[in-house]
Amino acid sequence: MGLKIESLKDRTDIMFSSDVIGKYPFQNINFNGTFGMVTSEENKTTLFLGTGKFIEKDGFSIQILGEKSGAATLVYGNNMQLTCDDVMLLTIPDTYKKGEVVLTFGFKQLRGERLKMNGKNVVNFKVPAMNFQEIAIGLK
């Protein structure tokens, strides 16, 4: 079940809420869980997975890899921020030139895996549980 809220100041929130874990597609968003939200503003989009397994919009997705549902938040746009309470798979569109794509947070770097999903080039990162923080993605 979903609810779309549009503000007068270029902000749109799309909320998903159900007492049954399930797949709920809406427009260009795919959600699997019981609570999630996508917020689109001027220069950023936030994917919030409150309780669930997966949320995706515009080629950006977060997927909880544990057996149970989890919580995670991805903010993308001019800057990127991320948090998750369990190991997750972060998928982003592959807009990078040849080379190794890495995700950097703090002093750590994670190597990305380049592949093709549904006919589109993407990069996947297996991300450990982490507190909310800035991340950077680029070529090594």
# chains A, B, ... in the order shown; residues from 1 in each chain; ligands from 1
call {"tool": "select_by_dssp", "arguments": {"residues": "chain A", "states": "strand (DSSP E)", "output": "VMD selection string"}}
result
chain A and resid 2 to 6 12 to 23 29 to 40 44 to 57 60 to 64 70 to 77 80 to 84 88 to 93 101 to 105 108 to 111 113 to 117 120 to 127 130 to 139
call {"tool": "residues_around", "arguments": {"residues": "Gln133 in chain A", "least_positions_apart": "3", "cutoff": "7 Å", "atoms": "only C-alpha atoms", "output": "ChimeraX atom specification"}}
result
/A:81-83
call {"tool": "write_last_selection", "arguments": {"atoms": "C-alpha atoms", "output": "PDB file, in the first residue's frame"}}
result
ATOM      1  CA  GLN A  81      25.219   9.207   2.548  1.00  0.00           C
ATOM      2  CA  LEU A  82      24.486   5.693   3.744  1.00  0.00           C
ATOM      3  CA  THR A  83      23.519   3.697   6.826  1.00  0.00           C
TER       4      THR A  83
END
call {"tool": "closest_residue", "arguments": {"among": "A:Leu3, A:Thr73, A:Leu90, A:Phe35", "to": "Arg111 in chain A", "atoms": "only C-alpha atoms"}}
result
A:Leu90
call {"tool": "closest_residue", "arguments": {"among": "A:Glu100, A:Asp10, A:Asp86, A:Glu134", "to": "Glu42 in chain A", "atoms": "only C-alpha atoms"}}
result
A:Asp10
call {"tool": "residues_around", "arguments": {"residues": "Thr34 in chain A", "least_positions_apart": "4", "cutoff": "9 Å", "atoms": "only C-alpha atoms", "output": "ChimeraX atom specification"}}
result
/A:16-22,49-52
call {"tool": "write_last_selection", "arguments": {"atoms": "C-alpha atoms", "output": "PDB file, in the first residue's frame"}}
result
ATOM      1  CA  PHE A  16       4.946   2.254   1.522  1.00  0.00           C
ATOM      2  CA  SER A  17       3.307   0.672   4.549  1.00  0.00           C
ATOM      3  CA  SER A  18       1.755  -2.752   5.039  1.00  0.00           C
ATOM      4  CA  ASP A  19       1.400  -5.291   7.829  1.00  0.00           C
ATOM      5  CA  VAL A  20       2.406  -8.020   5.339  1.00  0.00           C
ATOM      6  CA  ILE A  21       5.895  -8.263   3.831  1.00  0.00           C
ATOM      7  CA  GLY A  22       5.468  -8.132   0.084  1.00  0.00           C
ATOM      8  CA  LEU A  49      14.045   1.044   4.028  1.00  0.00           C
ATOM      9  CA  GLY A  50      12.422   1.046   7.470  1.00  0.00           C
ATOM     10  CA  THR A  51      11.550  -2.638   7.570  1.00  0.00           C
ATOM     11  CA  GLY A  52      12.169  -4.676   4.468  1.00  0.00           C
TER      12      GLY A  52
END
call {"tool": "residues_around", "arguments": {"residues": "Arg11 in chain A", "least_positions_apart": "6", "cutoff": "12 Å", "atoms": "only C-alpha atoms", "output": "list in words"}}
result
Lys4, Ile5, Val38, Thr39, Ser40, Glu41, Glu42, Asn43, Lys44, Thr45 and Thr46 of chain A
call {"tool": "closest_residue", "arguments": {"among": "A:Met15, A:Ile92, A:Val122, A:Ala136", "to": "Gln109 in chain A", "atoms": "only C-alpha atoms"}}
result
A:Ala136
call {"tool": "closest_residue", "arguments": {"among": "A:Met37, A:Leu47, A:Tyr96, A:Leu103", "to": "Gly77 in chain A", "atoms": "only C-alpha atoms"}}
result
A:Leu47
call {"tool": "residues_around", "arguments": {"residues": "Ile62 in chain A", "least_positions_apart": "6", "cutoff": "10 Å", "atoms": "only C-alpha atoms", "output": "list in words"}}
result
Phe31, Leu47, Phe48, Leu49, Lys53, Phe54, Ile55, Glu56, Ala71, Ala72, Thr73, Leu74, Leu82, Cys84, Met88, Leu89, Leu90, Thr91, Ile92, Asn124, Phe125 and Val127 of chain A
